[in-house]
Amino acid sequence: MKKQKMTYLSSGMVGLAGLVLMGLQTNDAQAATNGTVNYADGATTVWTSPAVGQKPARYLATNQQVTIQDTKQVYGQTWYKLGNDEWVSSQFITAGDATAQPAATTTAVKNTVTANFQSGATTVWADTTAAQPTGEYLTYGTTKNVIDQKDLNGTTWYQLESKGWIPASYVVLNNPNLDGVTPITNAPAVTPVAATTTTTEVQAPTAPQATTPAPATETPAPAATTEATTPAATTSTPAATTQPAQTQTTTTQSSQQTTQAATTQQAPQTNTTTKASGNAQTVINAALSQIGTPYVWGGSTPGVGLDCSGLVQYAYAQAGVSLGRVTTAQEGAGQRVSLDNLQPGDILFWGGAGASYHDAIYIGGGQYVHAPQPGESVKTASISSYFMPSFAVRVL
């Protein structure tokens, strides 16, 4: 009898431990399904599907609590399922019960720069040669964190967290409110760090080859003003210019000619950069000039309020092209082109043909400019699997 009691007691303890363990596992599973929205720069879109062709279902606010029902991998990106036909990329949700800190906040960087050019948007360059824009532009008063600094040719350059570079003459260091600072209205000249000069030897009588140096001025992105400034998108070193750069030629006794481009000469300006035609570049410049304009549903007033198709209609109108007012009408404005063969000025569409719900203007380098959604403003973005266009149309 004593042995039987011990058996009952042991069984009871094991059963109790099993219940405790089961309870702990259930609590862990519950905790893992909770999440907090960490995106702080606007509303976070909930999509009907993580695949291409998805549509927005609703929007989430910063620090809003959600329940994660399932996960899915799409193109190497983790997506969280919040409900029936409701998906959000994991980069915008912090799993766990703790309230997430805004993603845009960081304590590791001590220095900041604030854009002080008031007559337009300031270009962020891929490097200090000021030859290739990254597609990122800072409107007046925009503050960014600094991760590096270089002093070259008498010019100070700051590197941003996006890895792009910006000259000190266009920004103010560690003064986010621009207190006591007079805004810049005329684009200051910047001496870029010239790319490595190459010397090419050719056998006579072959014509000398000239290397065109990078442009010698920093030029801001276009703004909706009457001031004559050269748009940033046209400052890339042209592959073929309409006028030859000045060169220095030395002839040796062996009849070999060495031609070297003078590094102090400025290349002639041209509108043939980034493969955009003159009209396409006009469209791009007009769209970029609206960076910072608030999104307004049905808006078509530049500088006041625009929606996605309103921005596209306005930009093309500046090039003399009349488009329909809504995305579905704009689908038929040109010829359908592959997403693998895009050219600057092409219109990107999201959604099925005849049922598109969003469009944007491709500006080259895998980037586009668009009016995103309520609560945000006109800005540039990169093509990604998170928000992949469905098709494109070429008008010019």
# chains A, B, ... in the order shown; residues from 1 in each chain; ligands from 1
$ residues_around --residues "Thr134 (chain A)" --least-positions-apart "4" --cutoff "8 Å" --atoms "only C-alpha atoms" --output "list of chain:residue names"
A:Thr123, A:Val124, A:Trp125, A:Ala126, A:Gly164, A:Gly365
$ write_last_selection --atoms "C-alpha atoms" --output "PDB file, in the first residue's frame"
ATOM      1  CA  THR A 123      21.758  66.345 -54.049  1.00  0.00           C
ATOM      2  CA  VAL A 124      23.367  63.465 -52.166  1.00  0.00           C
ATOM      3  CA  TRP A 125      26.278  62.119 -54.249  1.00  0.00           C
ATOM      4  CA  ALA A 126      27.598  58.578 -54.592  1.00  0.00           C
ATOM      5  CA  GLY A 164      25.982  59.027 -49.827  1.00  0.00           C
ATOM      6  CA  GLY A 365      19.723  53.713 -60.925  1.00  0.00           C
TER       7      GLY A 365
END
$ closest_residue --among "A:Ile383, A:Val296, A:Ala371, A:Ala333" --to "Leu311 (chain A)" --atoms "only C-alpha atoms"
A:Ala371
$ residues_around --residues "region 171-173 of chain A" --least-positions-apart "4" --cutoff "12 Å" --atoms "only C-alpha atoms" --output "count of residues only"
42
$ atom_distance --atom1 "CA of Val37 (chain A)" --atom2 "CA of Phe92 (chain A)"
5.9 Å
$ atom_distance --atom1 "CA of Val52 (chain A)" --atom2 "CA of Gln367 (chain A)"
17.6 Å
$ closest_atom_pairs --of "region 103-186 of chain A" --to "region 285-288 of chain A" --cutoff "10 Å" --atoms "only C-alpha atoms" --output "tab-separated table"
residue	atom	partner	partner_atom	distance
A:Gly120	CA	A:Leu288	CA	9.4
A:Ala121	CA	A:Leu288	CA	8.2
A:Gly135	CA	A:Leu288	CA	9.6
A:Tyr137	CA	A:Leu288	CA	8.5
$ atom_distance --atom1 "CA of Ile291 (chain A)" --atom2 "CA of Val378 (chain A)"
4.7 Å
$ closest_residue --among "A:Tyr357, A:Phe349, A:Tyr80, A:Trp87" --to "Pro389 (chain A)" --atoms "only C-alpha atoms"
A:Phe349
$ residues_around --residues "Val337 (chain A)" --least-positions-apart "5" --cutoff "7 Å" --atoms "only C-alpha atoms" --output "compact mmCIF listing (two decimals) with all heavy atoms, in the first residue's frame"
# COMPACT_ATOMS: atom_id res chain seq x y z
N ALA A 392 5.55 48.50 -66.57
CA ALA A 392 6.01 49.86 -66.87
C ALA A 392 5.55 50.26 -68.27
O ALA A 392 5.35 49.40 -69.15
CB ALA A 392 7.52 49.97 -66.76
N VAL A 393 5.42 51.58 -68.48
CA VAL A 393 5.01 52.12 -69.78
C VAL A 393 5.99 53.24 -70.16
O VAL A 393 6.35 54.08 -69.32
CB VAL A 393 3.58 52.69 -69.71
CG1 VAL A 393 3.26 53.51 -70.95
CG2 VAL A 393 2.58 51.56 -69.57
N ARG A 394 6.42 53.24 -71.41
CA ARG A 394 7.34 54.27 -71.91
C ARG A 394 6.54 55.24 -72.78
O ARG A 394 5.96 54.86 -73.80
CB ARG A 394 8.48 53.65 -72.70
CG ARG A 394 9.50 54.66 -73.22
CD ARG A 394 10.76 53.94 -73.66
NE ARG A 394 11.35 53.22 -72.55
CZ ARG A 394 12.11 52.13 -72.68
NH1 ARG A 394 12.37 51.66 -73.88
NH2 ARG A 394 12.59 51.54 -71.61
$ closest_residue --among "A:Gly334, A:Pro56, A:Gly345, A:Gly35" --to "Tyr362 (chain A)" --atoms "only C-alpha atoms"
A:Gly345
$ closest_residue --among "A:Leu342, A:Leu60, A:Val369, A:Leu348" --to "Thr293 (chain A)" --atoms "only C-alpha atoms"
A:Val369
$ residues_around --residues "Pro372 (chain A)" --least-positions-apart "4" --cutoff "9 Å" --atoms "only C-alpha atoms" --output "count of residues only"
9
$ closest_residue --among "A:Ala329, A:Leu396, A:Ala57, A:Leu152" --to "Thr45 (chain A)" --atoms "only C-alpha atoms"
A:Ala57
